[in-house]
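Printed here is structure-v7.txt (compact mmCIF, N, CA and C atoms):
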```txt
# COMPACT_ATOMS: atom_id res chain seq x y z
N MET F 1 1.78 171.79 -42.88
CA MET F 1 1.37 172.79 -43.84
C MET F 1 2.61 173.55 -44.33
N PRO F 2 2.80 173.63 -45.65
CA PRO F 2 3.98 174.33 -46.16
C PRO F 2 3.92 175.83 -45.88
N LYS F 3 5.09 176.40 -45.65
CA LYS F 3 5.19 177.83 -45.40
C LYS F 3 5.49 178.53 -46.71
N MET F 4 4.55 179.34 -47.18
CA MET F 4 4.73 180.08 -48.43
C MET F 4 4.82 181.58 -48.16
N ASN F 5 5.40 181.95 -47.04
CA ASN F 5 5.49 183.36 -46.71
C ASN F 5 6.61 184.04 -47.49
N SER F 6 6.82 185.29 -47.18
CA SER F 6 7.79 186.07 -47.96
C SER F 6 9.23 185.56 -47.79
N LEU F 7 9.59 184.98 -46.64
CA LEU F 7 10.94 184.45 -46.47
C LEU F 7 11.20 183.31 -47.46
N THR F 8 10.23 182.43 -47.62
CA THR F 8 10.38 181.33 -48.57
C THR F 8 10.53 181.86 -49.98
N LYS F 9 9.75 182.86 -50.34
CA LYS F 9 9.81 183.43 -51.68
C LYS F 9 11.15 184.13 -51.92
N ILE F 10 11.62 184.87 -50.93
CA ILE F 10 12.91 185.55 -51.06
C ILE F 10 14.05 184.54 -51.19
N LEU F 11 14.01 183.48 -50.38
CA LEU F 11 15.04 182.44 -50.47
C LEU F 11 15.04 181.79 -51.84
N ALA F 12 13.86 181.51 -52.38
CA ALA F 12 13.78 180.85 -53.69
C ALA F 12 14.27 181.78 -54.80
N ILE F 13 13.90 183.03 -54.76
CA ILE F 13 14.32 183.98 -55.80
C ILE F 13 15.84 184.18 -55.74
N ALA F 14 16.35 184.47 -54.55
CA ALA F 14 17.79 184.70 -54.41
C ALA F 14 18.58 183.43 -54.74
N GLY F 15 18.07 182.28 -54.32
CA GLY F 15 18.74 181.02 -54.62
C GLY F 15 18.82 180.77 -56.12
N CYS F 16 17.74 181.07 -56.83
CA CYS F 16 17.77 180.89 -58.29
C CYS F 16 18.76 181.84 -58.96
N ILE F 17 18.81 183.07 -58.50
CA ILE F 17 19.76 184.03 -59.07
C ILE F 17 21.19 183.55 -58.84
N PHE F 18 21.47 183.12 -57.61
CA PHE F 18 22.83 182.68 -57.29
C PHE F 18 23.21 181.40 -58.02
N ILE F 19 22.29 180.46 -58.17
CA ILE F 19 22.67 179.19 -58.80
C ILE F 19 22.73 179.30 -60.32
N TRP F 20 21.94 180.21 -60.92
CA TRP F 20 22.00 180.37 -62.38
C TRP F 20 23.18 181.22 -62.82
N PHE F 21 23.73 182.06 -61.93
CA PHE F 21 24.84 182.93 -62.32
C PHE F 21 26.04 182.17 -62.87
N PRO F 22 26.55 181.11 -62.20
CA PRO F 22 27.70 180.39 -62.76
C PRO F 22 27.38 179.66 -64.07
N ILE F 23 26.12 179.34 -64.29
CA ILE F 23 25.73 178.64 -65.51
C ILE F 23 25.66 179.60 -66.69
N LEU F 24 25.09 180.78 -66.45
CA LEU F 24 24.88 181.74 -67.53
C LEU F 24 26.05 182.69 -67.76
N ALA F 25 26.91 182.88 -66.77
CA ALA F 25 28.02 183.83 -66.90
C ALA F 25 28.95 183.53 -68.07
N PRO F 26 29.34 182.27 -68.32
CA PRO F 26 30.22 182.03 -69.47
C PRO F 26 29.59 182.45 -70.81
N LEU F 27 28.29 182.21 -70.94
CA LEU F 27 27.60 182.60 -72.17
C LEU F 27 27.53 184.11 -72.31
N ILE F 28 27.20 184.79 -71.22
CA ILE F 28 27.08 186.25 -71.26
C ILE F 28 28.43 186.88 -71.59
N PHE F 29 29.49 186.44 -70.91
CA PHE F 29 30.82 187.00 -71.16
C PHE F 29 31.33 186.66 -72.56
N ALA F 30 30.96 185.48 -73.07
CA ALA F 30 31.38 185.10 -74.42
C ALA F 30 30.73 186.02 -75.46
N PHE F 31 29.45 186.33 -75.27
CA PHE F 31 28.79 187.21 -76.23
C PHE F 31 29.25 188.66 -76.09
N VAL F 32 29.56 189.09 -74.88
CA VAL F 32 30.13 190.43 -74.69
C VAL F 32 31.47 190.51 -75.40
N SER F 33 32.28 189.49 -75.27
CA SER F 33 33.57 189.45 -75.96
C SER F 33 33.39 189.42 -77.48
N LEU F 34 32.39 188.69 -77.94
CA LEU F 34 32.13 188.61 -79.37
C LEU F 34 31.77 189.97 -79.95
N PHE F 35 30.93 190.70 -79.25
CA PHE F 35 30.49 192.00 -79.76
C PHE F 35 31.52 193.10 -79.55
N SER F 36 32.37 192.98 -78.54
CA SER F 36 33.37 194.03 -78.31
C SER F 36 34.67 193.78 -79.09
N ASP F 37 35.18 192.54 -79.09
CA ASP F 37 36.45 192.22 -79.75
C ASP F 37 36.28 191.53 -81.10
N GLY F 38 35.11 190.99 -81.33
CA GLY F 38 34.89 190.21 -82.54
C GLY F 38 35.35 188.77 -82.39
N LYS F 39 35.73 188.34 -81.17
CA LYS F 39 36.18 186.98 -80.92
C LYS F 39 35.26 186.34 -79.88
N PHE F 40 34.84 185.12 -80.16
CA PHE F 40 33.98 184.38 -79.23
C PHE F 40 34.87 183.59 -78.28
N ARG F 41 34.98 184.08 -77.05
CA ARG F 41 35.81 183.43 -76.03
C ARG F 41 34.90 182.81 -74.98
N PHE F 42 34.81 181.49 -75.00
CA PHE F 42 33.94 180.77 -74.08
C PHE F 42 34.79 180.01 -73.06
N ASP F 43 34.65 180.37 -71.79
CA ASP F 43 35.40 179.72 -70.71
C ASP F 43 34.51 178.63 -70.11
N TYR F 44 34.71 177.40 -70.54
CA TYR F 44 33.86 176.31 -70.09
C TYR F 44 34.14 175.89 -68.65
N LEU F 45 35.23 176.36 -68.06
CA LEU F 45 35.53 176.04 -66.66
C LEU F 45 34.98 177.07 -65.67
N MET F 46 34.36 178.12 -66.19
CA MET F 46 33.86 179.18 -65.32
C MET F 46 32.82 178.70 -64.29
N PRO F 47 31.92 177.75 -64.61
CA PRO F 47 31.00 177.28 -63.57
C PRO F 47 31.72 176.69 -62.36
N ALA F 48 32.87 176.07 -62.57
CA ALA F 48 33.63 175.55 -61.42
C ALA F 48 34.29 176.69 -60.65
N GLU F 49 34.75 177.70 -61.38
CA GLU F 49 35.40 178.84 -60.73
C GLU F 49 34.40 179.66 -59.92
N LEU F 50 33.17 179.72 -60.39
CA LEU F 50 32.12 180.49 -59.71
C LEU F 50 31.23 179.60 -58.84
N PHE F 51 31.69 178.40 -58.51
CA PHE F 51 30.89 177.47 -57.74
C PHE F 51 30.47 177.99 -56.36
N PRO F 52 31.26 178.84 -55.70
CA PRO F 52 30.75 179.36 -54.41
C PRO F 52 29.39 180.06 -54.54
N PHE F 53 29.14 180.75 -55.66
CA PHE F 53 27.83 181.34 -55.88
C PHE F 53 26.76 180.26 -55.97
N ALA F 54 27.05 179.20 -56.70
CA ALA F 54 26.09 178.10 -56.85
C ALA F 54 25.86 177.40 -55.52
N LEU F 55 26.89 177.28 -54.71
CA LEU F 55 26.75 176.64 -53.41
C LEU F 55 25.82 177.45 -52.51
N VAL F 56 26.01 178.76 -52.48
CA VAL F 56 25.13 179.63 -51.69
C VAL F 56 23.71 179.54 -52.22
N GLY F 57 23.56 179.59 -53.54
CA GLY F 57 22.24 179.50 -54.14
C GLY F 57 21.58 178.16 -53.88
N GLY F 58 22.34 177.08 -53.94
CA GLY F 58 21.80 175.76 -53.66
C GLY F 58 21.33 175.63 -52.22
N CYS F 59 22.09 176.20 -51.29
CA CYS F 59 21.67 176.17 -49.88
C CYS F 59 20.38 176.97 -49.68
N MET F 60 20.29 178.11 -50.33
CA MET F 60 19.06 178.91 -50.23
C MET F 60 17.87 178.16 -50.82
N LEU F 61 18.08 177.54 -51.98
CA LEU F 61 17.00 176.78 -52.61
C LEU F 61 16.58 175.60 -51.74
N PHE F 62 17.56 174.93 -51.14
CA PHE F 62 17.22 173.79 -50.29
C PHE F 62 16.43 174.24 -49.07
N TRP F 63 16.80 175.35 -48.49
CA TRP F 63 16.07 175.88 -47.35
C TRP F 63 14.64 176.24 -47.77
N ALA F 64 14.51 176.89 -48.92
CA ALA F 64 13.17 177.23 -49.41
C ALA F 64 12.36 175.97 -49.70
N ALA F 65 13.01 174.94 -50.26
CA ALA F 65 12.31 173.69 -50.54
C ALA F 65 11.86 173.00 -49.26
N LEU F 66 12.68 173.06 -48.23
CA LEU F 66 12.28 172.49 -46.94
C LEU F 66 11.08 173.23 -46.36
N ARG F 67 11.08 174.55 -46.49
CA ARG F 67 9.96 175.34 -45.99
C ARG F 67 8.69 175.09 -46.79
N ALA F 68 8.84 174.92 -48.11
CA ALA F 68 7.68 174.70 -48.97
C ALA F 68 7.26 173.23 -49.01
N LYS F 69 8.11 172.36 -48.47
CA LYS F 69 7.86 170.92 -48.43
C LYS F 69 7.67 170.32 -49.82
N THR F 70 8.49 170.75 -50.76
CA THR F 70 8.46 170.19 -52.10
C THR F 70 9.82 170.39 -52.77
N TYR F 71 10.17 169.51 -53.68
CA TYR F 71 11.42 169.53 -54.45
C TYR F 71 12.67 169.41 -53.57
N GLN F 72 12.52 168.91 -52.34
CA GLN F 72 13.70 168.77 -51.48
C GLN F 72 14.68 167.75 -52.05
N ARG F 73 14.17 166.64 -52.57
CA ARG F 73 15.07 165.60 -53.08
C ARG F 73 15.83 166.05 -54.31
N LEU F 74 15.13 166.67 -55.26
CA LEU F 74 15.79 167.12 -56.49
C LEU F 74 16.89 168.14 -56.17
N ILE F 75 16.56 169.13 -55.37
CA ILE F 75 17.53 170.17 -55.05
C ILE F 75 18.64 169.65 -54.15
N GLY F 76 18.28 168.88 -53.15
CA GLY F 76 19.29 168.35 -52.22
C GLY F 76 20.25 167.38 -52.87
N TRP F 77 19.71 166.39 -53.58
CA TRP F 77 20.57 165.42 -54.25
C TRP F 77 21.34 166.04 -55.40
N GLY F 78 20.73 167.00 -56.09
CA GLY F 78 21.44 167.69 -57.17
C GLY F 78 22.65 168.46 -56.66
N MET F 79 22.47 169.18 -55.56
CA MET F 79 23.60 169.92 -54.99
C MET F 79 24.66 168.97 -54.43
N ALA F 80 24.21 167.90 -53.77
CA ALA F 80 25.18 166.93 -53.23
C ALA F 80 25.99 166.30 -54.36
N ALA F 81 25.32 165.97 -55.45
CA ALA F 81 26.03 165.39 -56.61
C ALA F 81 26.98 166.41 -57.22
N ALA F 82 26.55 167.68 -57.32
CA ALA F 82 27.41 168.71 -57.90
C ALA F 82 28.68 168.89 -57.06
N ILE F 83 28.52 168.94 -55.76
CA ILE F 83 29.67 169.10 -54.87
C ILE F 83 30.62 167.90 -55.01
N ALA F 84 30.05 166.70 -54.94
CA ALA F 84 30.87 165.49 -55.02
C ALA F 84 31.58 165.39 -56.37
N LEU F 85 30.86 165.66 -57.46
CA LEU F 85 31.46 165.53 -58.78
C LEU F 85 32.54 166.59 -59.03
N LEU F 86 32.36 167.78 -58.50
CA LEU F 86 33.40 168.81 -58.64
C LEU F 86 34.67 168.39 -57.88
N VAL F 87 34.50 167.89 -56.67
CA VAL F 87 35.65 167.44 -55.88
C VAL F 87 36.34 166.26 -56.58
N VAL F 88 35.55 165.31 -57.08
CA VAL F 88 36.13 164.14 -57.76
C VAL F 88 36.86 164.56 -59.03
N SER F 89 36.28 165.49 -59.79
CA SER F 89 36.95 165.91 -61.03
C SER F 89 38.29 166.58 -60.71
N GLN F 90 38.33 167.37 -59.66
CA GLN F 90 39.58 168.00 -59.27
C GLN F 90 40.59 166.98 -58.75
N ALA F 91 40.12 166.02 -57.98
CA ALA F 91 41.01 164.99 -57.45
C ALA F 91 41.58 164.13 -58.58
N VAL F 92 40.76 163.80 -59.55
CA VAL F 92 41.23 163.00 -60.69
C VAL F 92 42.23 163.81 -61.51
N ALA F 93 41.98 165.11 -61.68
CA ALA F 93 42.91 165.95 -62.42
C ALA F 93 44.27 166.02 -61.71
N VAL F 94 44.25 166.09 -60.40
CA VAL F 94 45.51 166.10 -59.64
C VAL F 94 46.19 164.74 -59.71
N ALA F 95 45.41 163.66 -59.55
CA ALA F 95 45.98 162.32 -59.54
C ALA F 95 46.57 161.92 -60.89
N THR F 96 45.97 162.38 -61.97
CA THR F 96 46.47 162.02 -63.30
C THR F 96 47.57 162.95 -63.80
N GLY F 97 47.83 164.03 -63.09
CA GLY F 97 48.88 164.95 -63.49
C GLY F 97 48.41 166.06 -64.42
N LEU F 98 47.12 166.12 -64.72
CA LEU F 98 46.60 167.19 -65.58
C LEU F 98 46.64 168.54 -64.88
N ALA F 99 46.38 168.55 -63.59
CA ALA F 99 46.33 169.82 -62.85
C ALA F 99 47.68 170.49 -62.77
N SER F 100 48.74 169.71 -62.66
CA SER F 100 50.08 170.29 -62.52
C SER F 100 50.76 170.51 -63.86
N GLY F 101 50.19 169.95 -64.93
CA GLY F 101 50.83 170.06 -66.23
C GLY F 101 51.84 168.96 -66.49
N GLU F 102 51.95 168.02 -65.57
CA GLU F 102 52.87 166.90 -65.71
C GLU F 102 52.49 166.02 -66.91
N ALA F 103 51.17 165.86 -67.12
CA ALA F 103 50.68 165.09 -68.26
C ALA F 103 50.03 166.05 -69.26
N GLU F 104 50.10 165.68 -70.53
CA GLU F 104 49.48 166.51 -71.57
C GLU F 104 47.96 166.46 -71.45
N ALA F 105 47.33 167.55 -71.82
CA ALA F 105 45.87 167.65 -71.73
C ALA F 105 45.22 167.03 -72.95
N ASN F 106 45.39 165.72 -73.08
CA ASN F 106 44.73 164.98 -74.15
C ASN F 106 44.66 163.52 -73.75
N GLY F 107 43.97 162.72 -74.53
CA GLY F 107 43.89 161.30 -74.27
C GLY F 107 42.88 160.94 -73.22
N TRP F 108 43.07 159.76 -72.66
CA TRP F 108 42.09 159.22 -71.72
C TRP F 108 41.98 160.05 -70.44
N ARG F 109 43.08 160.67 -70.02
CA ARG F 109 43.04 161.48 -68.80
C ARG F 109 42.08 162.67 -68.96
N MET F 110 42.22 163.34 -70.08
CA MET F 110 41.37 164.50 -70.34
C MET F 110 39.91 164.09 -70.51
N ILE F 111 39.69 162.97 -71.18
CA ILE F 111 38.32 162.48 -71.36
C ILE F 111 37.69 162.13 -70.02
N LEU F 112 38.45 161.50 -69.15
CA LEU F 112 37.94 161.14 -67.82
C LEU F 112 37.59 162.38 -67.00
N VAL F 113 38.51 163.32 -66.94
CA VAL F 113 38.27 164.53 -66.14
C VAL F 113 37.11 165.34 -66.73
N MET F 114 37.08 165.49 -68.04
CA MET F 114 36.00 166.27 -68.66
C MET F 114 34.66 165.54 -68.57
N GLY F 115 34.66 164.22 -68.60
CA GLY F 115 33.43 163.46 -68.41
C GLY F 115 32.83 163.70 -67.03
N ILE F 116 33.67 163.67 -66.02
CA ILE F 116 33.21 163.94 -64.65
C ILE F 116 32.75 165.40 -64.54
N PHE F 117 33.47 166.29 -65.19
CA PHE F 117 33.10 167.71 -65.16
C PHE F 117 31.75 167.94 -65.84
N ILE F 118 31.50 167.23 -66.93
CA ILE F 118 30.20 167.36 -67.61
C ILE F 118 29.08 166.84 -66.71
N LEU F 119 29.33 165.76 -65.98
CA LEU F 119 28.33 165.28 -65.02
C LEU F 119 28.08 166.32 -63.93
N PHE F 120 29.14 167.01 -63.50
CA PHE F 120 28.98 168.11 -62.54
C PHE F 120 28.06 169.19 -63.11
N LEU F 121 28.30 169.57 -64.37
CA LEU F 121 27.46 170.59 -65.00
C LEU F 121 26.01 170.15 -65.11
N ILE F 122 25.80 168.89 -65.43
CA ILE F 122 24.44 168.36 -65.55
C ILE F 122 23.74 168.38 -64.19
N SER F 123 24.43 168.00 -63.14
CA SER F 123 23.81 168.02 -61.81
C SER F 123 23.54 169.46 -61.35
N LEU F 124 24.43 170.37 -61.68
CA LEU F 124 24.20 171.78 -61.33
C LEU F 124 23.00 172.33 -62.10
N LEU F 125 22.90 171.97 -63.36
CA LEU F 125 21.78 172.40 -64.18
C LEU F 125 20.46 171.79 -63.68
N ALA F 126 20.49 170.53 -63.27
CA ALA F 126 19.29 169.89 -62.73
C ALA F 126 18.83 170.60 -61.46
N THR F 127 19.77 170.98 -60.62
CA THR F 127 19.43 171.70 -59.40
C THR F 127 18.84 173.07 -59.73
N ALA F 128 19.42 173.75 -60.71
CA ALA F 128 18.91 175.07 -61.11
C ALA F 128 17.50 174.96 -61.70
N ILE F 129 17.25 173.93 -62.48
CA ILE F 129 15.91 173.72 -63.03
C ILE F 129 14.94 173.37 -61.91
N GLY F 130 15.39 172.61 -60.93
CA GLY F 130 14.56 172.34 -59.74
C GLY F 130 14.22 173.62 -59.01
N GLY F 131 15.16 174.56 -58.97
CA GLY F 131 14.89 175.86 -58.35
C GLY F 131 13.82 176.63 -59.11
N LEU F 132 13.85 176.57 -60.44
CA LEU F 132 12.80 177.22 -61.23
C LEU F 132 11.44 176.57 -61.00
N ALA F 133 11.44 175.24 -60.89
CA ALA F 133 10.19 174.53 -60.61
C ALA F 133 9.66 174.91 -59.23
N LEU F 134 10.56 175.06 -58.27
CA LEU F 134 10.16 175.49 -56.93
C LEU F 134 9.57 176.89 -56.97
N LEU F 135 10.23 177.79 -57.70
CA LEU F 135 9.70 179.15 -57.84
C LEU F 135 8.30 179.14 -58.44
N ARG F 136 8.12 178.34 -59.48
CA ARG F 136 6.82 178.27 -60.14
C ARG F 136 5.76 177.76 -59.18
N MET F 137 6.10 176.76 -58.37
CA MET F 137 5.14 176.21 -57.41
C MET F 137 4.82 177.20 -56.31
N ILE F 138 5.83 177.92 -55.86
CA ILE F 138 5.60 178.87 -54.76
C ILE F 138 4.70 180.02 -55.21
N PHE F 139 4.89 180.49 -56.44
CA PHE F 139 4.13 181.64 -56.91
C PHE F 139 2.86 181.26 -57.68
N LYS F 140 2.52 179.97 -57.70
CA LYS F 140 1.32 179.54 -58.41
C LYS F 140 0.09 180.03 -57.66
N LYS F 141 -0.84 180.59 -58.41
CA LYS F 141 -2.07 181.07 -57.80
C LYS F 141 -2.98 179.87 -57.55
N PRO F 142 -3.63 179.86 -56.39
CA PRO F 142 -4.53 178.74 -56.11
C PRO F 142 -5.73 178.75 -57.05
N ILE F 143 -6.16 177.57 -57.44
CA ILE F 143 -7.31 177.45 -58.33
C ILE F 143 -8.58 177.53 -57.49
N LYS F 144 -9.46 178.42 -57.90
CA LYS F 144 -10.71 178.56 -57.17
C LYS F 144 -11.69 177.48 -57.66
N PRO F 145 -12.34 176.81 -56.72
CA PRO F 145 -13.30 175.79 -57.13
C PRO F 145 -14.52 176.44 -57.83
N ILE F 146 -15.06 175.71 -58.78
CA ILE F 146 -16.24 176.20 -59.49
C ILE F 146 -17.45 175.92 -58.61
N PRO F 147 -18.25 176.96 -58.35
CA PRO F 147 -19.43 176.71 -57.49
C PRO F 147 -20.45 175.83 -58.21
N SER F 148 -21.03 174.95 -57.45
CA SER F 148 -22.03 174.07 -58.05
C SER F 148 -23.38 174.78 -58.10
N ILE F 149 -24.14 174.42 -59.09
CA ILE F 149 -25.44 175.09 -59.30
C ILE F 149 -26.53 174.38 -58.58
```

Could you rewrite the structure in this file as structure tokens?
Amino acid sequence: MPKMNSLTKILAIAGCIFIWFPILAPLIFAFVSLFSDGKFRFDYLMPAELFPFALVGGCMLFWAALRAKTYQRLIGWGMAAAIALLVVSQAVAVATGLASGEAEANGWRMILVMGIFILFLISLLATAIGGLALLRMIFKKPIKPIPSI
């Protein structure tokens, strides 16, 4: 029987807040910059810089999913893919010389690193959407059966 007590609900809510923060922060800061300076400054690498928040949130969501006995695969595999893809993108950037500035940030090297980074973002987003689905399932009101006449 799934545990839908307050610990599961708190884990799911906090996990969603933590995992959505790195995804939404670049947009929020870009619009703040737009309205204060008049320049739209979008830092597309910020989700990688704020990944510790997403990691904590993913762990909380996975724990809540284990307790609720649903969405464990989506959240677990999504976080595992995000971690692996972030590490691979950084390793490829170091191996190709993009990280040190040895190679110019263009051409096939940049396309390869950014392609892996985009896959990281997609897996992080999939995990965050899985967290929202988990929240919706946890807080869903049970349907009362219609009494028969």

Distance atom CA of Ala93 of chain F-atom CA of Gly76 of chain F, one decimal place? 25.8 Å

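The smallest atom-to-atom distance between Leu135 of chain F and any of F:Leu55, F:Ala65, F:Leu34, F:Ala80, using only C-alpha atoms, is found for F:Ala65.
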
Among segment 60-146 of chain F, which residues does DSSP mark as alpha helix (DSSP H) when it is run on the backbone? Keep the chain and numbering as in the structure and answer as a ChimeraX atom specification. /F:60-68,72-96,107-138

Between atom CA of Gly15 of chain F and atom CA of Phe62 of chain F, what is the distance, to one decimal in Å? 8.6 Å

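Taking atom N of Ile122 of chain F and atom CA of Ala68 of chain F as endpoints, the distance between them is 25.2 Å.
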
Can you pull out every residue within 6 Å of Met79 of chain F, counting all atoms listed in the file, but drop anything in the same chain fewer than 5 positions away, and send it as an mmCIF file with N, CA and C atoms, keeping the file's coordinate frame?
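Here's the written file selection-v6.cif:
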```cif
data_model
loop_
_atom_site.group_PDB
_atom_site.id
_atom_site.type_symbol
_atom_site.label_atom_id
_atom_site.label_comp_id
_atom_site.auth_asym_id
_atom_site.auth_seq_id
_atom_site.Cartn_x
_atom_site.Cartn_y
_atom_site.Cartn_z
ATOM 1 N N LEU F 74 15.130 166.670 -55.260
ATOM 2 C CA LEU F 74 15.790 167.120 -56.490
ATOM 3 C C LEU F 74 16.890 168.140 -56.170
ATOM 4 N N ALA F 84 30.050 166.700 -54.940
ATOM 5 C CA ALA F 84 30.870 165.490 -55.020
ATOM 6 C C ALA F 84 31.580 165.390 -56.370
ATOM 7 N N SER F 123 24.430 168.000 -63.140
ATOM 8 C CA SER F 123 23.810 168.020 -61.810
ATOM 9 C C SER F 123 23.540 169.460 -61.350
ATOM 10 N N THR F 127 19.770 170.980 -60.620
ATOM 11 C CA THR F 127 19.430 171.700 -59.400
ATOM 12 C C THR F 127 18.840 173.070 -59.730
#
```

Find, counting only N, CA and C atoms, the residue in F:Ala25, F:Val92, F:Ala126, F:Leu7 that gets nearest to Val113 of chain F. F:Val92

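Compared by their closest atoms to Gly58 of chain F, and using only N, CA and C atoms, the residues F:Leu45, F:Ile23, F:Ala14, F:Ala99 rank with F:Ala14 nearest.
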
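Distances from F:Val94, F:Met60, F:Leu24, F:Leu125 to Ala82 of chain F were compared using only N, CA and C atoms, and the smallest one belongs to F:Leu125.
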
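The nearest approach to Val88 of chain F among the residues F:Gly130, F:Ser148, F:Gly57, F:Phe117, with only N, CA and C atoms taken into account, belongs to F:Phe117.
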
Would you be able to write out as number ranges by chain which residues have an atom within 12 Å of (38.4, 165.5, -60.8) in the file's coordinates, counting only C-alpha atoms? F: 48, 82-99, 109-120

File of the preceding selection, N, CA and C atoms, as an mmCIF file, in the frame of the given file:
```cif
data_model
loop_
_atom_site.group_PDB
_atom_site.id
_atom_site.type_symbol
_atom_site.label_atom_id
_atom_site.label_comp_id
_atom_site.auth_asym_id
_atom_site.auth_seq_id
_atom_site.Cartn_x
_atom_site.Cartn_y
_atom_site.Cartn_z
ATOM 1 N N ALA F 48 32.870 176.070 -62.570
ATOM 2 C CA ALA F 48 33.630 175.550 -61.420
ATOM 3 C C ALA F 48 34.290 176.690 -60.650
ATOM 4 N N ALA F 82 26.550 167.680 -57.320
ATOM 5 C CA ALA F 82 27.410 168.710 -57.900
ATOM 6 C C ALA F 82 28.680 168.890 -57.060
ATOM 7 N N ILE F 83 28.520 168.940 -55.760
ATOM 8 C CA ILE F 83 29.670 169.100 -54.870
ATOM 9 C C ILE F 83 30.620 167.900 -55.010
ATOM 10 N N ALA F 84 30.050 166.700 -54.940
ATOM 11 C CA ALA F 84 30.870 165.490 -55.020
ATOM 12 C C ALA F 84 31.580 165.390 -56.370
ATOM 13 N N LEU F 85 30.860 165.660 -57.460
ATOM 14 C CA LEU F 85 31.460 165.530 -58.780
ATOM 15 C C LEU F 85 32.540 166.590 -59.030
ATOM 16 N N LEU F 86 32.360 167.780 -58.500
ATOM 17 C CA LEU F 86 33.400 168.810 -58.640
ATOM 18 C C LEU F 86 34.670 168.390 -57.880
ATOM 19 N N VAL F 87 34.500 167.890 -56.670
ATOM 20 C CA VAL F 87 35.650 167.440 -55.880
ATOM 21 C C VAL F 87 36.340 166.260 -56.580
ATOM 22 N N VAL F 88 35.550 165.310 -57.080
ATOM 23 C CA VAL F 88 36.130 164.140 -57.760
ATOM 24 C C VAL F 88 36.860 164.560 -59.030
ATOM 25 N N SER F 89 36.280 165.490 -59.790
ATOM 26 C CA SER F 89 36.950 165.910 -61.030
ATOM 27 C C SER F 89 38.290 166.580 -60.710
ATOM 28 N N GLN F 90 38.330 167.370 -59.660
ATOM 29 C CA GLN F 90 39.580 168.000 -59.270
ATOM 30 C C GLN F 90 40.590 166.980 -58.750
ATOM 31 N N ALA F 91 40.120 166.020 -57.980
ATOM 32 C CA ALA F 91 41.010 164.990 -57.450
ATOM 33 C C ALA F 91 41.580 164.130 -58.580
ATOM 34 N N VAL F 92 40.760 163.800 -59.550
ATOM 35 C CA VAL F 92 41.230 163.000 -60.690
ATOM 36 C C VAL F 92 42.230 163.810 -61.510
ATOM 37 N N ALA F 93 41.980 165.110 -61.680
ATOM 38 C CA ALA F 93 42.910 165.950 -62.420
ATOM 39 C C ALA F 93 44.270 166.020 -61.710
ATOM 40 N N VAL F 94 44.250 166.090 -60.400
ATOM 41 C CA VAL F 94 45.510 166.100 -59.640
ATOM 42 C C VAL F 94 46.190 164.740 -59.710
ATOM 43 N N ALA F 95 45.410 163.660 -59.550
ATOM 44 C CA ALA F 95 45.980 162.320 -59.540
ATOM 45 C C ALA F 95 46.570 161.920 -60.890
ATOM 46 N N THR F 96 45.970 162.380 -61.970
ATOM 47 C CA THR F 96 46.470 162.020 -63.300
ATOM 48 C C THR F 96 47.570 162.950 -63.800
ATOM 49 N N GLY F 97 47.830 164.030 -63.090
ATOM 50 C CA GLY F 97 48.880 164.950 -63.490
ATOM 51 C C GLY F 97 48.410 166.060 -64.420
ATOM 52 N N LEU F 98 47.120 166.120 -64.720
ATOM 53 C CA LEU F 98 46.600 167.190 -65.580
ATOM 54 C C LEU F 98 46.640 168.540 -64.880
ATOM 55 N N ALA F 99 46.380 168.550 -63.590
ATOM 56 C CA ALA F 99 46.330 169.820 -62.850
ATOM 57 C C ALA F 99 47.680 170.490 -62.770
ATOM 58 N N ARG F 109 43.080 160.670 -70.020
ATOM 59 C CA ARG F 109 43.040 161.480 -68.800
ATOM 60 C C ARG F 109 42.080 162.670 -68.960
ATOM 61 N N MET F 110 42.220 163.340 -70.080
ATOM 62 C CA MET F 110 41.370 164.500 -70.340
ATOM 63 C C MET F 110 39.910 164.090 -70.510
ATOM 64 N N ILE F 111 39.690 162.970 -71.180
ATOM 65 C CA ILE F 111 38.320 162.480 -71.360
ATOM 66 C C ILE F 111 37.690 162.130 -70.020
ATOM 67 N N LEU F 112 38.450 161.500 -69.150
ATOM 68 C CA LEU F 112 37.940 161.140 -67.820
ATOM 69 C C LEU F 112 37.590 162.380 -67.000
ATOM 70 N N VAL F 113 38.510 163.320 -66.940
ATOM 71 C CA VAL F 113 38.270 164.530 -66.140
ATOM 72 C C VAL F 113 37.110 165.340 -66.730
ATOM 73 N N MET F 114 37.080 165.490 -68.040
ATOM 74 C CA MET F 114 36.000 166.270 -68.660
ATOM 75 C C MET F 114 34.660 165.540 -68.570
ATOM 76 N N GLY F 115 34.660 164.220 -68.600
ATOM 77 C CA GLY F 115 33.430 163.460 -68.410
ATOM 78 C C GLY F 115 32.830 163.700 -67.030
ATOM 79 N N ILE F 116 33.670 163.670 -66.020
ATOM 80 C CA ILE F 116 33.210 163.940 -64.650
ATOM 81 C C ILE F 116 32.750 165.400 -64.540
ATOM 82 N N PHE F 117 33.470 166.290 -65.190
ATOM 83 C CA PHE F 117 33.100 167.710 -65.160
ATOM 84 C C PHE F 117 31.750 167.940 -65.840
ATOM 85 N N ILE F 118 31.500 167.230 -66.930
ATOM 86 C CA ILE F 118 30.200 167.360 -67.610
ATOM 87 C C ILE F 118 29.080 166.840 -66.710
ATOM 88 N N LEU F 119 29.330 165.760 -65.980
ATOM 89 C CA LEU F 119 28.330 165.280 -65.020
ATOM 90 C C LEU F 119 28.080 166.320 -63.930
ATOM 91 N N PHE F 120 29.140 167.010 -63.500
ATOM 92 C CA PHE F 120 28.980 168.110 -62.540
ATOM 93 C C PHE F 120 28.060 169.190 -63.110
#
```

Please determine an axis-aligned box that encloses all atoms of segment 91-98 of chain F listed in the file, with 3 Å added on each side, and express its centre and edge lengths in Å to one decimal as AutoDock Vina command-line options.
```
--center_x 44.5 --center_y 165.2 --center_z -61.5 --size_x 14.8 --size_y 12.6 --size_z 14.1
```

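Candidate residues F:Ala128, F:Met137, F:Ile19, F:Ala81 were compared for distance to Leu50 of chain F, and the nearest is F:Ile19, using only C-alpha atoms.
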